[in-house]
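Shown next: run.pdb, given as PDB, C-alpha atoms.
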ATOM      1  CA  ASP Z   1     -14.159 -75.401  77.415
ATOM      2  CA  LEU Z   2     -15.697 -74.593  74.040
ATOM      3  CA  ASN Z   3     -14.447 -75.769  70.662
ATOM      4  CA  ILE Z   4     -14.395 -73.305  67.761
ATOM      5  CA  VAL Z   5     -13.976 -74.202  64.086
ATOM      6  CA  LEU Z   6     -12.727 -71.540  61.699
ATOM      7  CA  PHE Z   7     -14.479 -72.164  58.406
ATOM      8  CA  VAL Z   8     -13.469 -70.676  55.076
ATOM      9  CA  GLY Z   9     -16.450 -70.733  52.761
ATOM     10  CA  ARG Z  10     -18.006 -68.671  50.020
ATOM     11  CA  GLY Z  11     -19.092 -65.582  51.939
ATOM     12  CA  THR Z  12     -22.707 -66.723  52.169
ATOM     13  CA  SER Z  13     -23.107 -67.528  55.858
ATOM     14  CA  ASN Z  14     -22.688 -65.826  59.193
ATOM     15  CA  GLY Z  15     -21.776 -68.819  61.381
ATOM     16  CA  HIS Z  16     -23.618 -70.725  64.084
ATOM     17  CA  ALA Z  17     -23.003 -73.842  66.200
ATOM     18  CA  PHE Z  18     -23.276 -77.551  65.479
ATOM     19  CA  ARG Z  19     -23.612 -80.695  67.561
ATOM     20  CA  ASP Z  20     -20.581 -82.976  67.758
ATOM     21  CA  GLY Z  21     -21.521 -85.949  69.914
ATOM     22  CA  ASN Z  22     -22.549 -84.510  73.271
ATOM     23  CA  ARG Z  23     -20.940 -81.113  72.695
ATOM     24  CA  PHE Z  24     -21.757 -78.040  70.695
ATOM     25  CA  VAL Z  25     -19.066 -76.467  68.556
ATOM     26  CA  VAL Z  26     -19.006 -72.865  67.353
ATOM     27  CA  TRP Z  27     -18.234 -72.444  63.663
ATOM     28  CA  LEU Z  28     -17.169 -69.134  62.213
ATOM     29  CA  PRO Z  29     -16.934 -68.210  58.518
ATOM     30  CA  VAL Z  30     -13.732 -66.213  58.764
ATOM     31  CA  GLU Z  31     -13.987 -64.693  55.293
ATOM     32  CA  THR Z  32     -17.120 -62.755  56.275
ATOM     33  CA  TYR Z  33     -15.572 -60.907  59.230
ATOM     34  CA  ASP Z  34     -13.845 -58.095  57.411
ATOM     35  CA  SER Z  35     -13.705 -55.606  60.292
ATOM     36  CA  PRO Z  36     -12.793 -55.869  63.980
ATOM     37  CA  MET Z  37     -16.313 -54.753  64.981
ATOM     38  CA  LEU Z  38     -17.981 -57.346  62.766
ATOM     39  CA  ALA Z  39     -15.795 -60.087  64.251
ATOM     40  CA  ARG Z  40     -16.342 -58.882  67.823
ATOM     41  CA  VAL Z  41     -20.140 -58.784  67.551
ATOM     42  CA  PHE Z  42     -20.781 -61.890  65.470
ATOM     43  CA  VAL Z  43     -18.187 -64.140  67.104
ATOM     44  CA  THR Z  44     -19.800 -63.309  70.458
ATOM     45  CA  HIS Z  45     -23.239 -64.006  68.960
ATOM     46  CA  GLU Z  46     -22.208 -67.434  67.643
ATOM     47  CA  ILE Z  47     -20.488 -68.409  70.907
ATOM     48  CA  ILE Z  48     -23.729 -67.609  72.738
ATOM     49  CA  HIS Z  49     -25.594 -70.015  70.420
ATOM     50  CA  ALA Z  50     -23.260 -72.859  71.432
ATOM     51  CA  LEU Z  51     -23.569 -71.993  75.126
ATOM     52  CA  HIS Z  52     -27.352 -71.804  74.808
ATOM     53  CA  TYR Z  53     -27.597 -75.192  73.073
ATOM     54  CA  THR Z  54     -25.312 -76.667  75.731
ATOM     55  CA  ALA Z  55     -27.562 -75.370  78.529
ATOM     56  CA  CYS Z  56     -30.822 -76.284  76.736
ATOM     57  CA  PRO Z  57     -30.245 -78.810  73.920
ATOM     58  CA  GLU Z  58     -33.961 -78.782  73.072
ATOM     59  CA  PHE Z  59     -33.341 -75.476  71.262
ATOM     60  CA  TYR Z  60     -31.018 -77.183  68.791
ATOM     61  CA  PHE Z  61     -32.331 -78.530  65.464
ATOM     62  CA  ASP Z  62     -31.882 -82.003  64.015
ATOM     63  CA  SER Z  63     -33.878 -81.458  60.824
ATOM     64  CA  GLN Z  64     -34.542 -78.786  58.205
ATOM     65  CA  GLN Z  65     -38.054 -78.491  59.571
ATOM     66  CA  GLU Z  66     -36.846 -77.755  63.099
ATOM     67  CA  LEU Z  67     -34.127 -75.444  61.782
ATOM     68  CA  ARG Z  68     -36.861 -73.328  60.187
ATOM     69  CA  ARG Z  69     -39.305 -73.400  63.116
ATOM     70  CA  VAL Z  70     -40.158 -69.757  63.744
ATOM     71  CA  SER Z  71     -40.475 -70.059  67.531
ATOM     72  CA  ARG Z  72     -37.048 -71.679  67.848
ATOM     73  CA  ARG Z  73     -35.341 -69.131  65.617
ATOM     74  CA  LEU Z  74     -37.037 -66.201  67.318
ATOM     75  CA  ILE Z  75     -35.831 -67.322  70.737
ATOM     76  CA  THR Z  76     -32.319 -68.446  69.820
ATOM     77  CA  GLU Z  77     -31.534 -65.411  67.685
ATOM     78  CA  GLY Z  78     -33.166 -63.084  70.202
ATOM     79  CA  ILE Z  79     -31.100 -64.499  73.050
ATOM     80  CA  ALA Z  80     -27.828 -64.419  71.086
ATOM     81  CA  THR Z  81     -28.398 -60.830  69.951
ATOM     82  CA  TYR Z  82     -29.559 -59.605  73.356
ATOM     83  CA  MET Z  83     -26.728 -61.247  75.264
ATOM     84  CA  ALA Z  84     -24.106 -59.990  72.793
ATOM     85  CA  MET Z  85     -25.516 -56.492  73.298
ATOM     86  CA  ARG Z  86     -25.305 -56.767  77.081
ATOM     87  CA  ILE Z  87     -21.920 -58.519  77.240
ATOM     88  CA  LEU Z  88     -20.243 -56.156  74.773
ATOM     89  CA  GLU Z  89     -22.079 -53.090  76.132
ATOM     90  CA  ILE Z  90     -23.203 -51.983  72.680
ATOM     91  CA  ASP Z  91     -26.472 -50.527  71.428
ATOM     92  CA  GLU Z  92     -29.249 -52.481  69.716
ATOM     93  CA  LEU Z  93     -28.318 -51.510  66.185
ATOM     94  CA  THR Z  94     -24.683 -52.507  66.672
ATOM     95  CA  ALA Z  95     -25.772 -55.837  68.192
ATOM     96  CA  LEU Z  96     -27.936 -56.462  65.133
ATOM     97  CA  TRP Z  97     -25.576 -55.403  62.347
ATOM     98  CA  ALA Z  98     -22.174 -54.437  63.836
ATOM     99  CA  ASP Z  99     -20.744 -52.311  61.005
ATOM    100  CA  TYR Z 100     -21.901 -54.609  58.200
ATOM    101  CA  LEU Z 101     -24.257 -51.977  56.752
ATOM    102  CA  PRO Z 102     -23.292 -48.345  56.152
ATOM    103  CA  ASP Z 103     -24.692 -46.081  58.877
ATOM    104  CA  ASP Z 104     -27.421 -44.541  56.721
ATOM    105  CA  LYS Z 105     -28.729 -47.943  55.568
ATOM    106  CA  ALA Z 106     -28.546 -49.397  59.081
ATOM    107  CA  ASP Z 107     -30.442 -46.405  60.510
ATOM    108  CA  ARG Z 108     -33.091 -46.615  57.790
ATOM    109  CA  TRP Z 109     -33.534 -50.378  58.403
ATOM    110  CA  PHE Z 110     -33.781 -49.871  62.164
ATOM    111  CA  ASN Z 111     -36.343 -47.068  61.813
ATOM    112  CA  GLU Z 112     -38.423 -49.178  59.423
ATOM    113  CA  CYS Z 113     -38.366 -52.058  61.923
ATOM    114  CA  ARG Z 114     -39.475 -49.755  64.737
ATOM    115  CA  THR Z 115     -42.245 -48.272  62.609
ATOM    116  CA  SER Z 116     -43.429 -51.760  61.589
ATOM    117  CA  GLU Z 117     -42.832 -53.416  64.971
ATOM    118  CA  LYS Z 118     -46.459 -54.411  65.629
ATOM    119  CA  GLU Z 119     -46.829 -55.799  62.111
ATOM    120  CA  ILE Z 120     -43.618 -57.803  62.577
ATOM    121  CA  PHE Z 121     -44.877 -59.131  65.916
ATOM    122  CA  ALA Z 122     -48.278 -60.028  64.399
ATOM    123  CA  ASN Z 123     -46.479 -61.899  61.611
ATOM    124  CA  LEU Z 124     -44.440 -63.816  64.185
ATOM    125  CA  LEU Z 125     -47.529 -64.683  66.245
ATOM    126  CA  ALA Z 126     -49.387 -65.946  63.169
ATOM    127  CA  ASN Z 127     -46.405 -68.114  62.157
ATOM    128  CA  PHE Z 128     -45.031 -68.986  65.605
ATOM    129  CA  SER Z 129     -45.244 -72.769  65.216
ATOM    130  CA  THR Z 130     -44.660 -72.957  61.474
ATOM    131  CA  CYS Z 131     -41.602 -74.205  59.577
ATOM    132  CA  ASN Z 132     -42.251 -72.487  56.254
ATOM    133  CA  PRO Z 133     -38.993 -72.174  54.240
ATOM    134  CA  ASP Z 134     -40.388 -69.000  52.623
ATOM    135  CA  PHE Z 135     -40.844 -67.188  55.950
ATOM    136  CA  GLY Z 136     -38.451 -64.301  55.341
ATOM    137  CA  LEU Z 137     -38.027 -62.522  58.685
ATOM    138  CA  PHE Z 138     -34.741 -64.299  59.455
ATOM    139  CA  TYR Z 139     -33.250 -64.086  55.959
ATOM    140  CA  ALA Z 140     -31.217 -61.313  54.357
ATOM    141  CA  SER Z 141     -32.546 -61.711  50.828
ATOM    142  CA  ASP Z 142     -33.984 -58.264  50.007
ATOM    143  CA  PRO Z 143     -32.465 -55.137  51.590
ATOM    144  CA  ASN Z 144     -35.467 -53.104  50.374
ATOM    145  CA  ASP Z 145     -37.972 -55.139  52.397
ATOM    146  CA  ILE Z 146     -37.429 -55.546  56.147
ATOM    147  CA  PHE Z 147     -39.751 -58.563  56.097
ATOM    148  CA  LYS Z 148     -37.101 -60.299  53.990
ATOM    149  CA  PHE Z 149     -34.096 -58.678  55.614
ATOM    150  CA  ARG Z 150     -33.482 -59.830  59.210
ATOM    151  CA  ALA Z 151     -36.459 -58.141  60.902
ATOM    152  CA  GLY Z 152     -36.841 -61.363  62.914
ATOM    153  CA  TYR Z 153     -33.553 -60.605  64.663
ATOM    154  CA  PHE Z 154     -34.845 -57.148  65.576
ATOM    155  CA  ALA Z 155     -38.052 -58.694  66.958
ATOM    156  CA  GLY Z 156     -36.176 -61.416  68.837
ATOM    157  CA  LEU Z 157     -33.928 -58.845  70.496
ATOM    158  CA  ARG Z 158     -36.865 -56.648  71.483
ATOM    159  CA  LEU Z 159     -38.956 -59.535  72.806
ATOM    160  CA  VAL Z 160     -36.135 -61.090  74.827
ATOM    161  CA  GLU Z 161     -35.277 -57.678  76.265
ATOM    162  CA  GLN Z 162     -38.911 -57.133  77.287
ATOM    163  CA  LEU Z 163     -39.181 -60.599  78.870
ATOM    164  CA  VAL Z 164     -35.969 -60.088  80.826
ATOM    165  CA  GLU Z 165     -37.252 -56.783  82.206
ATOM    166  CA  GLU Z 166     -40.807 -57.982  82.934
ATOM    167  CA  ASN Z 167     -39.695 -61.184  84.674
ATOM    168  CA  ASN Z 168     -36.516 -59.886  86.371
ATOM    169  CA  ILE Z 169     -34.422 -62.524  84.605
ATOM    170  CA  GLU Z 170     -30.708 -62.323  85.335
ATOM    171  CA  LEU Z 171     -28.369 -62.548  82.368
ATOM    172  CA  THR Z 172     -26.844 -65.694  83.848
ATOM    173  CA  GLU Z 173     -30.300 -67.334  83.999
ATOM    174  CA  LEU Z 174     -31.360 -66.548  80.447
ATOM    175  CA  LEU Z 175     -29.609 -69.480  78.769
ATOM    176  CA  ALA Z 176     -31.158 -71.999  81.155
ATOM    177  CA  ILE Z 177     -34.853 -71.211  80.558
ATOM    178  CA  GLN Z 178     -36.414 -74.362  79.145
ATOM    179  CA  ARG Z 179     -37.914 -74.181  75.679
ATOM    180  CA  ASP Z 180     -41.532 -74.860  76.626
ATOM    181  CA  ARG Z 181     -41.467 -72.111  79.269
ATOM    182  CA  PHE Z 182     -39.764 -69.653  76.931
ATOM    183  CA  GLU Z 183     -42.248 -70.325  74.138
ATOM    184  CA  LYS Z 184     -45.155 -69.826  76.546
ATOM    185  CA  LEU Z 185     -43.719 -66.518  77.751
ATOM    186  CA  LEU Z 186     -43.212 -65.319  74.178
ATOM    187  CA  ILE Z 187     -46.676 -66.342  72.984
ATOM    188  CA  GLU Z 188     -48.224 -64.498  75.939
ATOM    189  CA  ARG Z 189     -46.111 -61.430  75.203
ATOM    190  CA  LEU Z 190     -46.982 -61.445  71.485
ATOM    191  CA  ARG Z 191     -50.688 -61.799  72.274
ATOM    192  CA  ARG Z 192     -50.551 -58.867  74.700
ATOM    193  CA  ILE Z 193     -48.891 -56.735  72.030
ATOM    194  CA  ARG Z 194     -51.511 -57.763  69.490
ATOM    195  CA  PHE Z 195     -54.470 -56.956  71.725
ATOM    196  CA  THR Z 196     -53.160 -53.697  73.152
ATOM    197  CA  GLY Z 197     -53.303 -51.914  69.820
TER     198      GLY Z 197
END

Show how you would write the structure in this file as C-alpha cells.
Amino acid sequence: DLNIVLFVGRGTSNGHAFRDGNRFVVWLPVETYDSPMLARVFVTHEIIHALHYTACPEFYFDSQQELRRVSRRLITEGIATYMAMRILEIDELTALWADYLPDDKADRWFNECRTSEKEIFANLLANFSTCNPDFGLFYASDPNDIFKFRAGYFAGLRLVEQLVEENNIELTELLAIQRDRFEKLLIERLRRIRFTG
C-alpha cells in the first residue's frame, strides 16, 4: 500500500520519498533511469526510503537543516543501499551505482573508497551531527574526488552492513530501529574504527 509518483524533471535528481499527510510517497525521476538495471536498483532504493520513513518517521526531514544532517543521511542512505543490495541479491558496487558509471570508472571509484575508508569514516565522525551544506560526501559534484562524489553512500553501506553482522539484526528488523539507538550504534562503530588504527 505505497504510493509512487513518476516525476519528469531535468535529469538532476535521483528520487527519494516525501511526506503527504500521514503517509510517505516514493517519487521517481523517470528521465534518469535510462537502463533496466538503473531502474531496478534505484527504484528499489527509493521505495526503501519510503518504507523506512513509514516505520521510523523521525528519520524524515522537515527542514533544509535536517535534510543535510550527516547522521540522518548516513543512516538512511546506508539502509536503502544495503537493503537494495540484499533484496536484489547484487554486489556492493551494483547497489551503489547500478550501471550508471562505466565499469572502469565504477571500479576506480570503489577502489579509491576502499583505500580511503578510514579517512571517510573519520570525516563522518567529525561531522556526524553537523548540517553543513558544503559537506560533499553525499553529493555527486566532482567525479575526480570521492569526497565530493557519493563516498557517503559507500560508507553508509559498509557501516550498516557491519552493524547488521555485529548485532545479528534481521533484514526485517532494520527499518524499525529507532533513530537515537541507530545513531548511538553508528557513533560507537565509528569511534572503534578511529581508535583501532

Check: Near range 19-34 of chain Z, counting all atoms listed in the file, which residues have an atom at most 6 Å away, once you skip same-chain residues fewer than 2 positions from it, shown as a count of residues only?
Finding: 14

Note to self: Residues near range 147-160 of chain Z, anyone? I mean within 7 Å using only C-alpha atoms, not counting same-chain ones fewer than 6 positions away, as a ChimeraX atom specification.
What the structure shows: /Z:74-75,77-79,81-82,96,113,121,136-141

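Using all atoms listed in the file, the contacts of range 173-179 of chain Z at a cut-off of 9 Å, with sequence neighbours closer than 5 positions omitted, comprise Ile48, Leu51, His52, Tyr53, Thr54, Ala55, Cys56, Glu58, Phe59, Arg72, Ile75, Ile79, Met83, Val164 and Lys184 of chain Z.
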
Margin query: Suppose a student applies the PyMOL selection byres ((chain Z and resi 123) around 12) to this structure; what residues should they get, written as a ChimeraX atom specification?
Written below: /Z:70-71,74,116-122,124-130,135-137,147,151-152,155,190-191,193-194

Next item on the list: Would you write out, as a ChimeraX atom specification, every residue that the PyMOL selection byres ((chain Z and resi 87) around 12) captures in this file?
Entry: /Z:40-41,44-45,47-48,79-86,88-91,95,171-172

Check: CA of Arg68 in chain Z and CA of Asn132 in chain Z, how far apart in Å?
Finding: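 For CA of Asn132 in chain Z relative to CA of Arg68 in chain Z, the distance reads 6.7 Å.
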
Completion of range 11-22 of chain Z up to all heavy atoms, as a tab-separated table (two decimals), in the frame of the given file:
chain	number	residue	atom	x	y	z
Z	11	GLY	N	-18.55	-66.89	51.58
Z	11	GLY	CA	-19.09	-65.58	51.94
Z	11	GLY	C	-20.60	-65.54	51.98
Z	11	GLY	O	-21.20	-64.48	51.83
Z	12	THR	N	-21.25	-66.68	52.21
Z	12	THR	CA	-22.71	-66.72	52.17
Z	12	THR	C	-23.33	-67.11	53.50
Z	12	THR	O	-24.51	-67.37	53.58
Z	12	THR	CB	-23.19	-67.73	51.11
Z	12	THR	OG1	-22.64	-69.01	51.42
Z	12	THR	CG2	-22.76	-67.31	49.72
Z	13	SER	N	-22.56	-67.16	54.55
Z	13	SER	CA	-23.11	-67.53	55.86
Z	13	SER	C	-22.55	-66.61	56.92
Z	13	SER	O	-21.59	-65.87	56.70
Z	13	SER	CB	-22.75	-68.98	56.19
Z	13	SER	OG	-23.29	-69.32	57.44
Z	14	ASN	N	-23.17	-66.65	58.10
Z	14	ASN	CA	-22.69	-65.83	59.19
Z	14	ASN	C	-22.32	-66.65	60.43
Z	14	ASN	O	-22.19	-66.11	61.51
Z	14	ASN	CB	-23.71	-64.74	59.56
Z	14	ASN	CG	-25.07	-65.30	59.89
Z	14	ASN	OD1	-25.27	-66.52	59.93
Z	14	ASN	ND2	-26.02	-64.43	60.14
Z	15	GLY	N	-22.19	-67.97	60.27
Z	15	GLY	CA	-21.78	-68.82	61.38
Z	15	GLY	C	-22.93	-69.31	62.23
Z	15	GLY	O	-24.07	-68.90	62.06
Z	16	HIS	N	-22.63	-70.20	63.14
Z	16	HIS	CA	-23.62	-70.72	64.08
Z	16	HIS	C	-22.90	-71.71	65.00
Z	16	HIS	O	-21.72	-71.52	65.31
Z	16	HIS	CB	-24.78	-71.38	63.35
Z	16	HIS	CG	-26.04	-71.44	64.17
Z	16	HIS	ND1	-26.75	-70.31	64.52
Z	16	HIS	CD2	-26.69	-72.47	64.73
Z	16	HIS	CE1	-27.79	-70.67	65.26
Z	16	HIS	NE2	-27.78	-71.98	65.40
Z	17	ALA	N	-23.59	-72.78	65.38
Z	17	ALA	CA	-23.00	-73.84	66.20
Z	17	ALA	C	-23.56	-75.17	65.70
Z	17	ALA	O	-24.66	-75.22	65.17
Z	17	ALA	CB	-23.35	-73.64	67.68
Z	18	PHE	N	-22.79	-76.23	65.88
Z	18	PHE	CA	-23.28	-77.55	65.48
Z	18	PHE	C	-22.99	-78.56	66.59
Z	18	PHE	O	-22.11	-78.36	67.42
Z	18	PHE	CB	-22.66	-78.01	64.15
Z	18	PHE	CG	-21.17	-78.26	64.19
Z	18	PHE	CD1	-20.66	-79.50	64.56
Z	18	PHE	CD2	-20.29	-77.24	63.84
Z	18	PHE	CE1	-19.29	-79.72	64.58
Z	18	PHE	CE2	-18.92	-77.47	63.86
Z	18	PHE	CZ	-18.41	-78.71	64.23
Z	19	ARG	N	-23.78	-79.64	66.57
Z	19	ARG	CA	-23.61	-80.69	67.56
Z	19	ARG	C	-22.53	-81.66	67.10
Z	19	ARG	O	-22.51	-82.10	65.96
Z	19	ARG	CB	-24.92	-81.46	67.76
Z	19	ARG	CG	-24.86	-82.45	68.91
Z	19	ARG	CD	-26.05	-83.42	68.91
Z	19	ARG	NE	-27.33	-82.79	68.77
Z	19	ARG	CZ	-28.16	-82.53	69.77
Z	19	ARG	NH1	-27.81	-82.81	71.01
Z	19	ARG	NH2	-29.34	-81.98	69.55
Z	20	ASP	N	-21.62	-81.98	68.01
Z	20	ASP	CA	-20.58	-82.98	67.76
Z	20	ASP	C	-20.61	-83.94	68.94
Z	20	ASP	O	-20.01	-83.66	69.98
Z	20	ASP	CB	-19.22	-82.30	67.62
Z	20	ASP	CG	-18.10	-83.29	67.34
Z	20	ASP	OD1	-18.38	-84.34	66.72
Z	20	ASP	OD2	-16.95	-83.02	67.75
Z	21	GLY	N	-21.33	-85.04	68.79
Z	21	GLY	CA	-21.52	-85.95	69.91
Z	21	GLY	C	-22.37	-85.28	70.98
Z	21	GLY	O	-23.49	-84.86	70.72
Z	22	ASN	N	-21.82	-85.14	72.17
Z	22	ASN	CA	-22.55	-84.51	73.27
Z	22	ASN	C	-22.17	-83.05	73.47
Z	22	ASN	O	-22.57	-82.44	74.47
Z	22	ASN	CB	-22.29	-85.28	74.58
Z	22	ASN	CG	-22.88	-86.66	74.54
Z	22	ASN	OD1	-23.94	-86.86	73.94
Z	22	ASN	ND2	-22.21	-87.63	75.14
